[in-house]
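Just final.cif here, mmCIF, C-alpha atoms (C1' of nucleotides):
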```
data_data
loop_
_atom_site.group_PDB
_atom_site.id
_atom_site.type_symbol
_atom_site.label_atom_id
_atom_site.label_comp_id
_atom_site.auth_asym_id
_atom_site.auth_seq_id
_atom_site.Cartn_x
_atom_site.Cartn_y
_atom_site.Cartn_z
ATOM 1 C CA MET A 1251 0.000 0.000 0.000
ATOM 2 C CA LYS A 1252 1.460 3.312 -1.105
ATOM 3 C CA ILE A 1253 0.552 6.419 0.879
ATOM 4 C CA ALA A 1254 1.659 9.866 -0.262
ATOM 5 C CA THR A 1255 1.520 13.449 0.917
ATOM 6 C CA TYR A 1256 1.652 16.409 -1.438
ATOM 7 C CA ASN A 1257 1.342 20.112 -0.753
ATOM 8 C CA VAL A 1258 0.058 21.107 -4.190
ATOM 9 C CA ASN A 1259 0.053 24.887 -3.652
ATOM 10 C CA GLY A 1260 -3.288 25.432 -5.413
ATOM 11 C CA ILE A 1261 -5.284 22.400 -6.567
ATOM 12 C CA ASN A 1262 -6.867 24.060 -9.610
ATOM 13 C CA GLY A 1263 -3.718 25.694 -10.914
ATOM 14 C CA ARG A 1264 -1.901 22.378 -10.349
ATOM 15 C CA LEU A 1265 -4.457 19.869 -11.579
ATOM 16 C CA GLU A 1266 -2.471 18.737 -14.641
ATOM 17 C CA ILE A 1267 0.635 18.224 -12.501
ATOM 18 C CA LEU A 1268 -1.330 16.248 -9.923
ATOM 19 C CA LEU A 1269 -2.986 13.977 -12.493
ATOM 20 C CA ARG A 1270 0.315 13.366 -14.278
ATOM 21 C CA TRP A 1271 1.977 12.353 -11.021
ATOM 22 C CA LEU A 1272 -0.941 10.112 -9.973
ATOM 23 C CA LYS A 1273 -0.601 8.293 -13.274
ATOM 24 C CA GLU A 1274 3.163 7.822 -12.842
ATOM 25 C CA ASP A 1275 3.316 6.761 -9.188
ATOM 26 C CA LYS A 1276 -0.160 5.289 -8.666
ATOM 27 C CA PRO A 1277 -0.327 5.929 -4.927
ATOM 28 C CA ASP A 1278 -3.185 4.174 -3.124
ATOM 29 C CA VAL A 1279 -3.843 7.042 -0.746
ATOM 30 C CA VAL A 1280 -2.892 10.709 -1.142
ATOM 31 C CA CYS A 1281 -3.050 13.470 1.443
ATOM 32 C CA LEU A 1282 -3.181 16.893 -0.211
ATOM 33 C CA GLN A 1283 -2.565 20.271 1.395
ATOM 34 C CA GLU A 1284 -2.937 23.888 0.309
ATOM 35 C CA LEU A 1285 -5.895 23.376 -1.984
ATOM 36 C CA LYS A 1286 -6.413 27.156 -2.015
ATOM 37 C CA THR A 1287 -9.952 26.834 -3.237
ATOM 38 C CA GLU A 1288 -13.453 26.801 -1.852
ATOM 39 C CA ASN A 1289 -15.268 23.467 -1.589
ATOM 40 C CA ALA A 1290 -17.459 24.030 -4.643
ATOM 41 C CA ARG A 1291 -14.455 24.552 -6.920
ATOM 42 C CA PHE A 1292 -12.540 21.415 -5.922
ATOM 43 C CA PRO A 1293 -11.944 19.384 -9.137
ATOM 44 C CA GLY A 1294 -13.630 16.247 -7.821
ATOM 45 C CA LYS A 1295 -14.846 15.112 -11.245
ATOM 46 C CA GLU A 1296 -11.428 15.181 -12.869
ATOM 47 C CA ILE A 1297 -9.890 13.359 -9.910
ATOM 48 C CA ASP A 1298 -12.669 10.790 -10.015
ATOM 49 C CA LYS A 1299 -12.044 10.297 -13.724
ATOM 50 C CA ALA A 1300 -8.399 9.558 -12.870
ATOM 51 C CA GLY A 1301 -9.620 6.709 -10.675
ATOM 52 C CA TYR A 1302 -9.550 8.323 -7.241
ATOM 53 C CA GLY A 1303 -12.305 8.849 -4.735
ATOM 54 C CA ALA A 1304 -11.816 12.051 -2.762
ATOM 55 C CA ILE A 1305 -12.981 13.856 0.326
ATOM 56 C CA TRP A 1306 -11.938 17.452 0.884
ATOM 57 C CA ARG A 1307 -12.337 20.489 3.025
ATOM 58 C CA GLY A 1308 -11.452 23.734 1.319
ATOM 59 C CA GLU A 1309 -11.725 27.418 1.949
ATOM 60 C CA LYS A 1310 -11.385 30.423 -0.297
ATOM 61 C CA SER A 1311 -7.786 31.297 -1.258
ATOM 62 C CA TRP A 1312 -5.977 29.589 1.590
ATOM 63 C CA ASN A 1313 -5.240 26.275 3.273
ATOM 64 C CA GLY A 1314 -7.475 23.316 2.441
ATOM 65 C CA VAL A 1315 -6.845 19.556 2.779
ATOM 66 C CA ALA A 1316 -8.061 16.487 0.900
ATOM 67 C CA ILE A 1317 -7.670 12.724 1.017
ATOM 68 C CA LEU A 1318 -7.712 10.639 -2.163
ATOM 69 C CA ALA A 1319 -8.002 6.859 -2.434
ATOM 70 C CA ARG A 1320 -7.434 4.802 -5.579
ATOM 71 C CA ASN A 1321 -10.591 2.987 -6.644
ATOM 72 C CA ALA A 1322 -12.177 3.732 -3.280
ATOM 73 C CA LEU A 1323 -13.906 6.455 -1.334
ATOM 74 C CA PRO A 1324 -12.087 7.328 1.906
ATOM 75 C CA VAL A 1325 -14.365 7.032 4.940
ATOM 76 C CA MET A 1326 -14.140 10.337 6.749
ATOM 77 C CA THR A 1327 -13.554 9.952 10.487
ATOM 78 C CA ARG A 1328 -12.842 13.571 11.446
ATOM 79 C CA ARG A 1329 -12.834 17.060 10.002
ATOM 80 C CA GLY A 1330 -10.890 19.698 11.909
ATOM 81 C CA LEU A 1331 -8.830 19.291 15.084
ATOM 82 C CA PRO A 1332 -10.671 19.361 18.411
ATOM 83 C CA GLY A 1333 -9.882 21.995 21.006
ATOM 84 C CA ASP A 1334 -10.892 25.306 19.424
ATOM 85 C CA PRO A 1335 -14.360 25.757 17.919
ATOM 86 C CA ASP A 1336 -13.381 29.252 16.701
ATOM 87 C CA ASP A 1337 -10.585 27.929 14.492
ATOM 88 C CA ASN A 1338 -12.135 27.831 11.016
ATOM 89 C CA HIS A 1339 -8.970 27.152 9.015
ATOM 90 C CA SER A 1340 -9.172 24.006 6.868
ATOM 91 C CA ARG A 1341 -6.102 22.219 8.165
ATOM 92 C CA TYR A 1342 -7.077 18.739 9.312
ATOM 93 C CA MET A 1343 -9.046 15.886 7.833
ATOM 94 C CA GLU A 1344 -8.943 12.200 8.670
ATOM 95 C CA ALA A 1345 -10.147 9.048 6.978
ATOM 96 C CA ALA A 1346 -10.109 5.300 7.413
ATOM 97 C CA VAL A 1347 -8.671 3.311 4.521
ATOM 98 C CA ASN A 1348 -8.023 -0.434 4.717
ATOM 99 C CA GLY A 1349 -8.483 -0.323 8.467
ATOM 100 C CA ILE A 1350 -5.844 2.367 8.939
ATOM 101 C CA LEU A 1351 -6.580 5.862 10.270
ATOM 102 C CA ILE A 1352 -4.936 8.515 8.140
ATOM 103 C CA GLY A 1353 -4.826 12.095 9.384
ATOM 104 C CA CYS A 1354 -4.011 14.682 6.708
ATOM 105 C CA LEU A 1355 -2.722 17.907 8.200
ATOM 106 C CA TYR A 1356 -1.415 21.321 7.289
ATOM 107 C CA VAL A 1357 0.324 23.007 10.224
ATOM 108 C CA PRO A 1358 0.207 26.838 10.155
ATOM 109 C CA ASN A 1359 3.297 28.506 8.735
ATOM 110 C CA GLY A 1360 3.646 30.851 11.736
ATOM 111 C CA ASN A 1361 5.700 33.644 10.214
ATOM 112 C CA PRO A 1362 6.483 36.300 11.192
ATOM 113 C CA ALA A 1363 7.804 35.096 14.529
ATOM 114 C CA PRO A 1364 7.279 36.178 17.183
ATOM 115 C CA GLY A 1365 3.722 37.419 16.717
ATOM 116 C CA PRO A 1366 0.081 36.346 16.609
ATOM 117 C CA LYS A 1367 0.608 33.962 13.687
ATOM 118 C CA PHE A 1368 3.420 32.242 15.525
ATOM 119 C CA ASP A 1369 1.243 31.981 18.646
ATOM 120 C CA TYR A 1370 -1.496 30.397 16.523
ATOM 121 C CA LYS A 1371 1.003 27.861 15.177
ATOM 122 C CA LEU A 1372 2.085 26.865 18.687
ATOM 123 C CA ARG A 1373 -1.522 26.626 19.864
ATOM 124 C CA TRP A 1374 -2.389 24.484 16.832
ATOM 125 C CA PHE A 1375 0.569 22.237 17.573
ATOM 126 C CA ARG A 1376 -0.597 21.779 21.170
ATOM 127 C CA ARG A 1377 -4.039 20.753 19.933
ATOM 128 C CA LEU A 1378 -2.391 18.311 17.546
ATOM 129 C CA GLN A 1379 -0.347 16.859 20.414
ATOM 130 C CA GLU A 1380 -3.448 16.385 22.533
ATOM 131 C CA TYR A 1381 -5.360 14.720 19.739
ATOM 132 C CA ALA A 1382 -2.366 12.593 18.690
ATOM 133 C CA ARG A 1383 -2.194 11.264 22.246
ATOM 134 C CA GLU A 1384 -5.824 10.156 21.941
ATOM 135 C CA LEU A 1385 -5.034 8.350 18.697
ATOM 136 C CA LEU A 1386 -2.146 6.498 20.329
ATOM 137 C CA ASP A 1387 -4.339 5.539 23.264
ATOM 138 C CA LEU A 1388 -6.809 3.973 20.845
ATOM 139 C CA GLY A 1389 -4.042 1.596 19.817
ATOM 140 C CA VAL A 1390 -5.239 1.451 16.225
ATOM 141 C CA PRO A 1391 -2.914 1.675 13.208
ATOM 142 C CA ALA A 1392 -2.697 5.418 12.533
ATOM 143 C CA LEU A 1393 -0.652 7.895 10.523
ATOM 144 C CA LEU A 1394 -0.364 11.668 10.862
ATOM 145 C CA VAL A 1395 0.680 12.851 7.446
ATOM 146 C CA GLY A 1396 1.265 16.202 5.853
ATOM 147 C CA ASP A 1397 2.981 19.556 5.775
ATOM 148 C CA TYR A 1398 4.177 20.149 9.341
ATOM 149 C CA ASN A 1399 5.981 23.392 8.481
ATOM 150 C CA VAL A 1400 8.830 22.242 10.735
ATOM 151 C CA MET A 1401 12.361 21.177 9.975
ATOM 152 C CA PRO A 1402 12.932 18.778 12.884
ATOM 153 C CA THR A 1403 16.756 19.015 12.999
ATOM 154 C CA GLU A 1404 19.680 20.777 11.348
ATOM 155 C CA LEU A 1405 20.004 17.837 8.971
ATOM 156 C CA ASP A 1406 16.674 18.883 7.498
ATOM 157 C CA VAL A 1407 17.757 22.363 6.395
ATOM 158 C CA TYR A 1408 20.129 23.469 3.656
ATOM 159 C CA ARG A 1409 21.545 26.362 5.718
ATOM 160 C CA PRO A 1410 20.330 25.964 9.287
ATOM 161 C CA GLU A 1411 22.052 29.106 10.561
ATOM 162 C CA ARG A 1412 19.821 31.199 8.294
ATOM 163 C CA TRP A 1413 16.635 29.723 9.717
ATOM 164 C CA VAL A 1414 17.133 29.884 13.491
ATOM 165 C CA ASN A 1415 14.636 32.726 13.942
ATOM 166 C CA ASP A 1416 12.166 31.512 11.338
ATOM 167 C CA ALA A 1417 8.808 30.113 12.434
ATOM 168 C CA LEU A 1418 9.662 26.816 10.690
ATOM 169 C CA PHE A 1419 12.812 26.246 12.690
ATOM 170 C CA ARG A 1420 12.565 28.177 15.972
ATOM 171 C CA SER A 1421 13.340 26.110 19.032
ATOM 172 C CA GLU A 1422 9.706 26.247 20.281
ATOM 173 C CA VAL A 1423 8.493 24.609 17.072
ATOM 174 C CA ARG A 1424 11.237 22.005 16.902
ATOM 175 C CA LYS A 1425 10.434 21.139 20.493
ATOM 176 C CA ALA A 1426 6.723 20.881 19.698
ATOM 177 C CA TYR A 1427 7.523 18.408 16.913
ATOM 178 C CA ALA A 1428 10.007 16.475 19.078
ATOM 179 C CA ASP A 1429 7.476 16.255 21.927
ATOM 180 C CA LEU A 1430 4.849 14.953 19.504
ATOM 181 C CA VAL A 1431 7.213 12.283 18.172
ATOM 182 C CA ALA A 1432 8.229 11.381 21.738
ATOM 183 C CA GLN A 1433 4.640 10.339 22.491
ATOM 184 C CA GLY A 1434 5.486 7.213 20.530
ATOM 185 C CA TRP A 1435 5.316 8.222 16.879
ATOM 186 C CA THR A 1436 7.925 7.294 14.259
ATOM 187 C CA ASP A 1437 9.105 9.752 11.601
ATOM 188 C CA ALA A 1438 9.061 7.331 8.649
ATOM 189 C CA VAL A 1439 11.589 9.091 6.394
ATOM 190 C CA ARG A 1440 14.115 9.613 9.215
ATOM 191 C CA HIS A 1441 13.554 6.094 10.533
ATOM 192 C CA LEU A 1442 14.655 4.543 7.236
ATOM 193 C CA HIS A 1443 17.234 7.219 6.335
ATOM 194 C CA PRO A 1444 18.789 8.408 9.607
ATOM 195 C CA ASP A 1445 21.802 10.259 8.193
ATOM 196 C CA GLU A 1446 20.713 11.358 4.736
ATOM 197 C CA ARG A 1447 20.032 14.931 3.622
ATOM 198 C CA ILE A 1448 16.476 14.724 2.380
ATOM 199 C CA TYR A 1449 14.330 17.670 1.374
ATOM 200 C CA THR A 1450 10.670 17.916 0.430
ATOM 201 C CA PHE A 1451 10.414 21.640 -0.333
ATOM 202 C CA TRP A 1452 12.487 24.042 -2.367
ATOM 203 C CA LYS A 1453 11.754 27.749 -2.819
ATOM 204 C CA TYR A 1454 10.881 28.912 -6.282
ATOM 205 C CA TRP A 1455 13.660 31.493 -5.989
ATOM 206 C CA ARG A 1456 17.289 31.308 -7.050
ATOM 207 C CA ASN A 1457 17.177 27.847 -8.594
ATOM 208 C CA SER A 1458 16.960 26.289 -5.177
ATOM 209 C CA PHE A 1459 15.711 22.959 -6.526
ATOM 210 C CA GLU A 1460 18.568 22.707 -9.017
ATOM 211 C CA ARG A 1461 21.024 23.539 -6.217
ATOM 212 C CA ASP A 1462 19.161 21.201 -3.835
ATOM 213 C CA ALA A 1463 18.871 24.043 -1.333
ATOM 214 C CA GLY A 1464 15.733 22.790 0.364
ATOM 215 C CA LEU A 1465 13.897 21.938 3.548
ATOM 216 C CA ARG A 1466 12.346 18.744 4.913
ATOM 217 C CA ILE A 1467 8.949 19.818 6.229
ATOM 218 C CA ASP A 1468 6.503 17.182 4.914
ATOM 219 C CA HIS A 1469 6.407 14.237 7.287
ATOM 220 C CA PHE A 1470 4.837 10.855 7.995
ATOM 221 C CA LEU A 1471 4.348 9.990 11.648
ATOM 222 C CA LEU A 1472 3.479 6.339 12.205
ATOM 223 C CA SER A 1473 1.810 4.849 15.257
ATOM 224 C CA PRO A 1474 3.634 1.810 16.723
ATOM 225 C CA ALA A 1475 1.307 -0.674 15.026
ATOM 226 C CA VAL A 1476 2.301 0.674 11.584
ATOM 227 C CA VAL A 1477 6.092 0.740 12.019
ATOM 228 C CA PRO A 1478 6.674 -3.001 11.358
ATOM 229 C CA TRP A 1479 4.868 -2.621 8.021
ATOM 230 C CA LEU A 1480 7.087 0.216 6.755
ATOM 231 C CA ARG A 1481 8.936 -0.877 3.614
ATOM 232 C CA SER A 1482 10.165 2.373 2.016
ATOM 233 C CA ALA A 1483 9.938 6.153 2.233
ATOM 234 C CA THR A 1484 10.962 8.346 -0.688
ATOM 235 C CA VAL A 1485 10.671 11.895 -1.936
ATOM 236 C CA ARG A 1486 9.251 11.934 -5.475
ATOM 237 C CA ARG A 1487 11.558 14.594 -6.880
ATOM 238 C CA LYS A 1488 10.523 14.278 -10.504
ATOM 239 C CA PRO A 1489 7.237 16.208 -10.281
ATOM 240 C CA ARG A 1490 9.123 19.059 -8.590
ATOM 241 C CA SER A 1491 11.181 19.426 -11.808
ATOM 242 C CA TRP A 1492 8.127 19.873 -14.039
ATOM 243 C CA ALA A 1493 7.117 23.309 -15.320
ATOM 244 C CA HIS A 1494 4.478 25.231 -13.321
ATOM 245 C CA THR A 1495 4.844 22.810 -10.430
ATOM 246 C CA SER A 1496 4.358 23.120 -6.681
ATOM 247 C CA ASP A 1497 7.240 24.231 -4.478
ATOM 248 C CA HIS A 1498 6.827 20.938 -2.579
ATOM 249 C CA ALA A 1499 7.535 17.436 -3.899
ATOM 250 C CA PRO A 1500 5.247 14.509 -3.146
ATOM 251 C CA VAL A 1501 6.566 12.178 -0.452
ATOM 252 C CA MET A 1502 5.537 8.543 -0.475
ATOM 253 C CA ILE A 1503 5.811 5.556 1.828
ATOM 254 C CA GLU A 1504 5.132 1.911 1.108
ATOM 255 C CA LEU A 1505 3.521 -0.325 3.717
ATOM 256 C CA ASP A 1506 3.434 -4.102 3.618
ATOM 257 C CA LEU A 1507 0.088 -4.732 5.255
ATOM 258 C CA PRO A 1508 -0.302 -8.048 7.037
ATOM 259 C CA ARG A 1509 -2.661 -10.491 5.362
ATOM 260 C CA MET A 1510 -6.209 -10.045 6.576
ATOM 261 C CA GLU A 1511 -7.252 -12.654 9.124
ATOM 262 C CA GLU A 1512 -9.232 -15.423 7.544
ATOM 263 C CA ASP A 1513 -12.535 -16.400 9.107
ATOM 264 C "C1'" DA B 1172 18.221 43.270 6.712
ATOM 265 C "C1'" DT B 1173 15.574 42.303 2.558
ATOM 266 C "C1'" DG B 1174 14.357 40.520 -1.904
ATOM 267 C "C1'" DC B 1175 14.354 36.756 -4.718
ATOM 268 C "C1'" DC B 1176 9.187 33.611 -6.991
ATOM 269 C "C1'" DC B 1177 4.648 32.001 -7.043
ATOM 270 C "C1'" DT B 1178 -0.408 31.509 -5.619
ATOM 271 C "C1'" DC B 1179 -5.032 33.546 -5.371
ATOM 272 C "C1'" DG B 1180 -8.375 37.274 -5.635
ATOM 273 C "C1'" DC B 1181 -11.191 40.757 -9.031
ATOM 274 C "C1'" DC B 1182 -7.206 42.017 -9.347
ATOM 275 C "C1'" DT B 1183 -2.087 44.475 -12.749
ATOM 276 C "C1'" DC B 1184 -1.052 45.183 -6.624
ATOM 277 C "C1'" DG B 1185 -1.576 42.996 -2.026
ATOM 278 C "C1'" DA B 1186 -1.409 39.210 1.205
ATOM 279 C "C1'" DG B 1187 0.540 34.976 2.228
ATOM 280 C "C1'" DG B 1188 3.618 31.454 1.699
ATOM 281 C "C1'" DA B 1189 8.281 29.156 3.792
#
```

Could you take the file, read its structure, and then write that structure out as structure tokens?
Amino acid sequence: MKIATYNVNGINGRLEILLRWLKEDKPDVVCLQELKTENARFPGKEIDKAGYGAIWRGEKSWNGVAILARNALPVMTRRGLPGDPDDNHSRYMEAAVNGILIGCLYVPNGNPAPGPKFDYKLRWFRRLQEYARELLDLGVPALLVGDYNVMPTELDVYRPERWVNDALFRSEVRKAYADLVAQGWTDAVRHLHPDERIYTFWKYWRNSFERDAGLRIDHFLLSPAVVPWLRSATVRRKPRSWAHTSDHAPVMIELDLPRMEED
DNA sequence: ATGCCCTCGCCTCGAGGA
């Protein structure tokens, strides 16, 4: 089973790129972030025609998350994080696929820091931690997948010294991510590639992709039940090289699911 | 210290992204 995450940076402007990549990699489940469109303008028909069922939660211009499943309709289990009824950003959506809970998330950027946007990011992270703890307590196979807007360590940044005061790398945010992982989650990419420089995002500016001057900010966190199934975790760099593409690359993991119990 | 480049909106500049 192949599960991917992809910050598309505008689902309508990026539809051709998305469909082309789906055809090449054939992921079974895809978590999308930054739809940047209201619900009514989500290209559900085109995605359906490509063989994917989809659930989504958009909003005008900003944010927005979706979950796609190949030849299936994801069963929505949650929309929005608990803990703040006034938070109307579309940043979390969760579905059950093949008996696995998959949370698709888009953590706030938080810049400029310090400031109200940074405070919102930290508050959002605390809510994620609280909810993630509940998921672990359930003991079910679960993944928290998406754009965390955090580089967890210096290995995850092209020039760490330039990012120390940025909302993606400040110590408070790195600690929030580390505390989340310490609950018992496994960062799939780092687990399989502990010492490798791996990036998932490159600015559009200054040929950063060609120079591989990037950041690793799109992550897969696996609950303990999922870790033994993890076969591979790779950044799909090719779509990032295409014209008019997102500034993120898709990231994909492969799970070897155990055979279903026979009756 | 900042811009660099790109998205979207109703719009040719501004806000936000990371």

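Considering the residues A:Ala1319, A:Val1431, A:Ile1503, A:Val1357 and counting only C-alpha atoms (C1' of nucleotides), chain B has its shortest atom-to-atom contact with A:Val1357.
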
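One finds CA of Ala1463 (chain A) at 15.3 Å from CA of Thr1403 (chain A).
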
Residue list as a ChimeraX atom specification for point (-8.2, 32.4, -6.5), cut-off 10 Å, all atoms listed in the file: /A:1260,1262-1263,1286-1288,1310-1312 /B:1178-1181

Output as a ChimeraX atom specification the set of chain A residues within 12 Å of chain B, with distances taken over only C-alpha atoms (C1' of nucleotides). /A:1257-1264,1284-1288,1309-1313,1357-1362,1367,1397-1401,1407,1413,1416-1419,1450-1458,1464-1467,1494-1498

Residues as selected, C-alpha atoms, written as an mmCIF file, keeping the file's coordinate frame, can you do that?
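Dumped everything to result_28.cif:
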```cif
data_model
loop_
_atom_site.group_PDB
_atom_site.id
_atom_site.type_symbol
_atom_site.label_atom_id
_atom_site.label_comp_id
_atom_site.auth_asym_id
_atom_site.auth_seq_id
_atom_site.Cartn_x
_atom_site.Cartn_y
_atom_site.Cartn_z
ATOM 1 C CA ASN A 1257 1.342 20.112 -0.753
ATOM 2 C CA VAL A 1258 0.058 21.107 -4.190
ATOM 3 C CA ASN A 1259 0.053 24.887 -3.652
ATOM 4 C CA GLY A 1260 -3.288 25.432 -5.413
ATOM 5 C CA ILE A 1261 -5.284 22.400 -6.567
ATOM 6 C CA ASN A 1262 -6.867 24.060 -9.610
ATOM 7 C CA GLY A 1263 -3.718 25.694 -10.914
ATOM 8 C CA ARG A 1264 -1.901 22.378 -10.349
ATOM 9 C CA GLU A 1284 -2.937 23.888 0.309
ATOM 10 C CA LEU A 1285 -5.895 23.376 -1.984
ATOM 11 C CA LYS A 1286 -6.413 27.156 -2.015
ATOM 12 C CA THR A 1287 -9.952 26.834 -3.237
ATOM 13 C CA GLU A 1288 -13.453 26.801 -1.852
ATOM 14 C CA GLU A 1309 -11.725 27.418 1.949
ATOM 15 C CA LYS A 1310 -11.385 30.423 -0.297
ATOM 16 C CA SER A 1311 -7.786 31.297 -1.258
ATOM 17 C CA TRP A 1312 -5.977 29.589 1.590
ATOM 18 C CA ASN A 1313 -5.240 26.275 3.273
ATOM 19 C CA VAL A 1357 0.324 23.007 10.224
ATOM 20 C CA PRO A 1358 0.207 26.838 10.155
ATOM 21 C CA ASN A 1359 3.297 28.506 8.735
ATOM 22 C CA GLY A 1360 3.646 30.851 11.736
ATOM 23 C CA ASN A 1361 5.700 33.644 10.214
ATOM 24 C CA PRO A 1362 6.483 36.300 11.192
ATOM 25 C CA LYS A 1367 0.608 33.962 13.687
ATOM 26 C CA ASP A 1397 2.981 19.556 5.775
ATOM 27 C CA TYR A 1398 4.177 20.149 9.341
ATOM 28 C CA ASN A 1399 5.981 23.392 8.481
ATOM 29 C CA VAL A 1400 8.830 22.242 10.735
ATOM 30 C CA MET A 1401 12.361 21.177 9.975
ATOM 31 C CA VAL A 1407 17.757 22.363 6.395
ATOM 32 C CA TRP A 1413 16.635 29.723 9.717
ATOM 33 C CA ASP A 1416 12.166 31.512 11.338
ATOM 34 C CA ALA A 1417 8.808 30.113 12.434
ATOM 35 C CA LEU A 1418 9.662 26.816 10.690
ATOM 36 C CA PHE A 1419 12.812 26.246 12.690
ATOM 37 C CA THR A 1450 10.670 17.916 0.430
ATOM 38 C CA PHE A 1451 10.414 21.640 -0.333
ATOM 39 C CA TRP A 1452 12.487 24.042 -2.367
ATOM 40 C CA LYS A 1453 11.754 27.749 -2.819
ATOM 41 C CA TYR A 1454 10.881 28.912 -6.282
ATOM 42 C CA TRP A 1455 13.660 31.493 -5.989
ATOM 43 C CA ARG A 1456 17.289 31.308 -7.050
ATOM 44 C CA ASN A 1457 17.177 27.847 -8.594
ATOM 45 C CA SER A 1458 16.960 26.289 -5.177
ATOM 46 C CA GLY A 1464 15.733 22.790 0.364
ATOM 47 C CA LEU A 1465 13.897 21.938 3.548
ATOM 48 C CA ARG A 1466 12.346 18.744 4.913
ATOM 49 C CA ILE A 1467 8.949 19.818 6.229
ATOM 50 C CA HIS A 1494 4.478 25.231 -13.321
ATOM 51 C CA THR A 1495 4.844 22.810 -10.430
ATOM 52 C CA SER A 1496 4.358 23.120 -6.681
ATOM 53 C CA ASP A 1497 7.240 24.231 -4.478
ATOM 54 C CA HIS A 1498 6.827 20.938 -2.579
#
```

From (-15.9, 22.6, 2.6), in the file's coordinates, out to 10 Å: which residues are reached, counting all atoms listed in the file? Answer as number ranges by chain. A: 1287-1292, 1305-1310, 1314-1315, 1329, 1340

Would you kindly return, as an NGL selection string, each protein, DNA or RNA residue with an atom no farther than 8 Å from any atom of region 1479-1483 of chain A, considering all atoms listed in the file and excluding same-chain residues fewer than 4 positions away? :A and (1438-1439 or 1442 or 1501-1508)

If you keep C-alpha atoms, can you produce a file of those selected residues as a tab-separated table (two decimals), keeping the file's coordinate frame?
```tsv
chain	number	residue	atom	x	y	z
A	1438	ALA	CA	9.06	7.33	8.65
A	1439	VAL	CA	11.59	9.09	6.39
A	1442	LEU	CA	14.66	4.54	7.24
A	1501	VAL	CA	6.57	12.18	-0.45
A	1502	MET	CA	5.54	8.54	-0.48
A	1503	ILE	CA	5.81	5.56	1.83
A	1504	GLU	CA	5.13	1.91	1.11
A	1505	LEU	CA	3.52	-0.32	3.72
A	1506	ASP	CA	3.43	-4.10	3.62
A	1507	LEU	CA	0.09	-4.73	5.26
A	1508	PRO	CA	-0.30	-8.05	7.04
```

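Interatomic distance, CA of Arg1509 (chain A) against CA of Cys1281 (chain A): 24.3 Å.
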
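Considering the residues A:Arg1376, A:Arg1320, A:Arg1487, A:Lys1252 and counting all atoms listed in the file, Ala1426 (chain A) has its shortest atom-to-atom contact with A:Arg1376.
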